[in-house]
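K.L.:
Quick one: structure below, then a few questions.
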Amino acid sequence: MDNLIIAGKTYRSRLLVGTGKYKDFTDTRAAIEASGAEIVTVAIRRTNIGQNTEEPNLLDSVPPSKYTLLPNTAGCYTLDDAVRTLRLARELLDGHNLVKLEVLGDPRTLYPNMVETLKAAEILVKEGFDVMVYTSDDPIAARQLEEIGCVAIMPLASLIGSGMGILNPWNLQIIIDNAKVPVLVDAGVGTASDAAIALELGCDGVLMNTAIAAAQHPILMASAMRKAVEAGREAYLAGRMTKKIYTASPSSPVEGVINSVSTTNTNC
């Protein structure tokens with residue numbers, strides 16, 4: 001299997017996972033291990049990574065020595081809040097620069113506010129952050145974010161936490177075909193087939209949280225997602241057969257087929 005490269009670092013796994021919505025940090029770690037993920041995203045505004053000394057620290061269960069932490073700005077609705085949050089993350093993580101930017105538009109849909117996202121991305125890139133960015137599936141916005149200097153573009157497949165899967169593969173394909181940086185589906189994955197489809201389309205990876213954490217058996221689902229991402233990538237690299245509309249093609253060779261011979265019962 002080929003590797004995923006983000007901001008100059010190589011990863012074997014193309015599955016990125018979140019750390020929210022689990023019963024406790026023990027379950028969080030078990031699911032992450034089952035997923036095979038190497039990049040783990042952390043909501044700085046919702047998860048303790050050292051800012052609250054009286055609470056359990058996620059880093060005790062998900063150590064930076066083993067995983068690449070990806071601080072994110074989940075819950076931020078303005079560029080000021082997003083930029084401030086990632087500055088705090090860099091301070092807490094000793095100068096860590098790889099971050100995930102998301103600036104939300106409203107609390108009901110959690111759809112990205114692209115005007116604020118573009119402005120925040122420009123500030124963060126200038127400050128030396130390696131920005132992976134949550135975006136709409138608008139190919140123009142994706143191109144603008146890449147031009148700003150974001151190291152990965154992360155278009156939604158459908159709304160965050162919806163589990164609706166990839167609703168607009170056509171826009172996603174345009175983004176993939178034109179991007180020169182990794183494109184990773186972020187948001188909307190519900191089950192393993194959604195992850196496989198994303199990789200089959202040519203996405204470089206997929207990030208998910210709720211699809212695993214909200215499953216009836218999260219650890220088993222994490223394992224299923226790992227296999228789906230691997231299968232989807234292999235299928236993409238293999239190159240699928242051409243679709244043939246209204247035309248059948250026998251799966252076995254037709255050359256040399258023995259003609260059927262009719263026989264007559266001479267006793268009749």
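Starting from 1 in every chain, residues are counted up; chains themselves are A, B, ... following the order of the structure tokens, and ligands are numbered from 1 as listed.
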Taking the chain letters and numbering used in this document, name the residues of stretch 50-244 of chain A that DSSP puts in alpha helix (DSSP H), as number ranges by chain.
P.N.:
A: 79-92, 114-126, 139-148, 169-178, 192-201, 210-213, 218-238
K.L.:
Applying 12 Å and only C-alpha atoms, which residues near A:Asp94 remain after dropping the ones on its own chain fewer than 5 positions away? List them as a list of chain:residue names.
P.N.:
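After dropping sequence-adjacent residues, the list is A:Ile49, A:Gly50, A:Pro64, A:Leu69, A:Arg87, A:Leu88, A:Ala89.
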K.L.:
Find the residues around A:Ile166 up to 9 Å (only C-alpha atoms counted), leave out those fewer than 4 positions away in its own chain, and share them as a PyMOL selection string.
P.N.:
chain A and resi 156-158+172+185+188-189+194-195+197-198
K.L.:
Restricting the calculation to only C-alpha atoms: of A:Arg240, A:Leu124, A:Lys66, A:Gly105, which residue gets closest to A:Glu33?
P.N.:
A:Lys66
K.L.:
When DSSP is applied to the backbone of this structure, which of stretch 66-122 of chain A are assigned strand (DSSP E or B)? Write them out as a list in words.
P.N.:
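The residues of stretch 66-122 of chain A classed as strand (DSSP E or B) are Thr68, Leu69, Leu70, Pro71, Asn72, Leu98, Val99, Lys100, Leu101, Leu104 and Pro112 of chain A.
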K.L.:
For A:Ala222, find every residue with an atom within 9 Å (counting only C-alpha atoms), except residues of its own chain fewer than 3 positions away, and show them as a ChimeraX atom specification.
P.N.:
/A:31-36,211-213,217-219,225-227
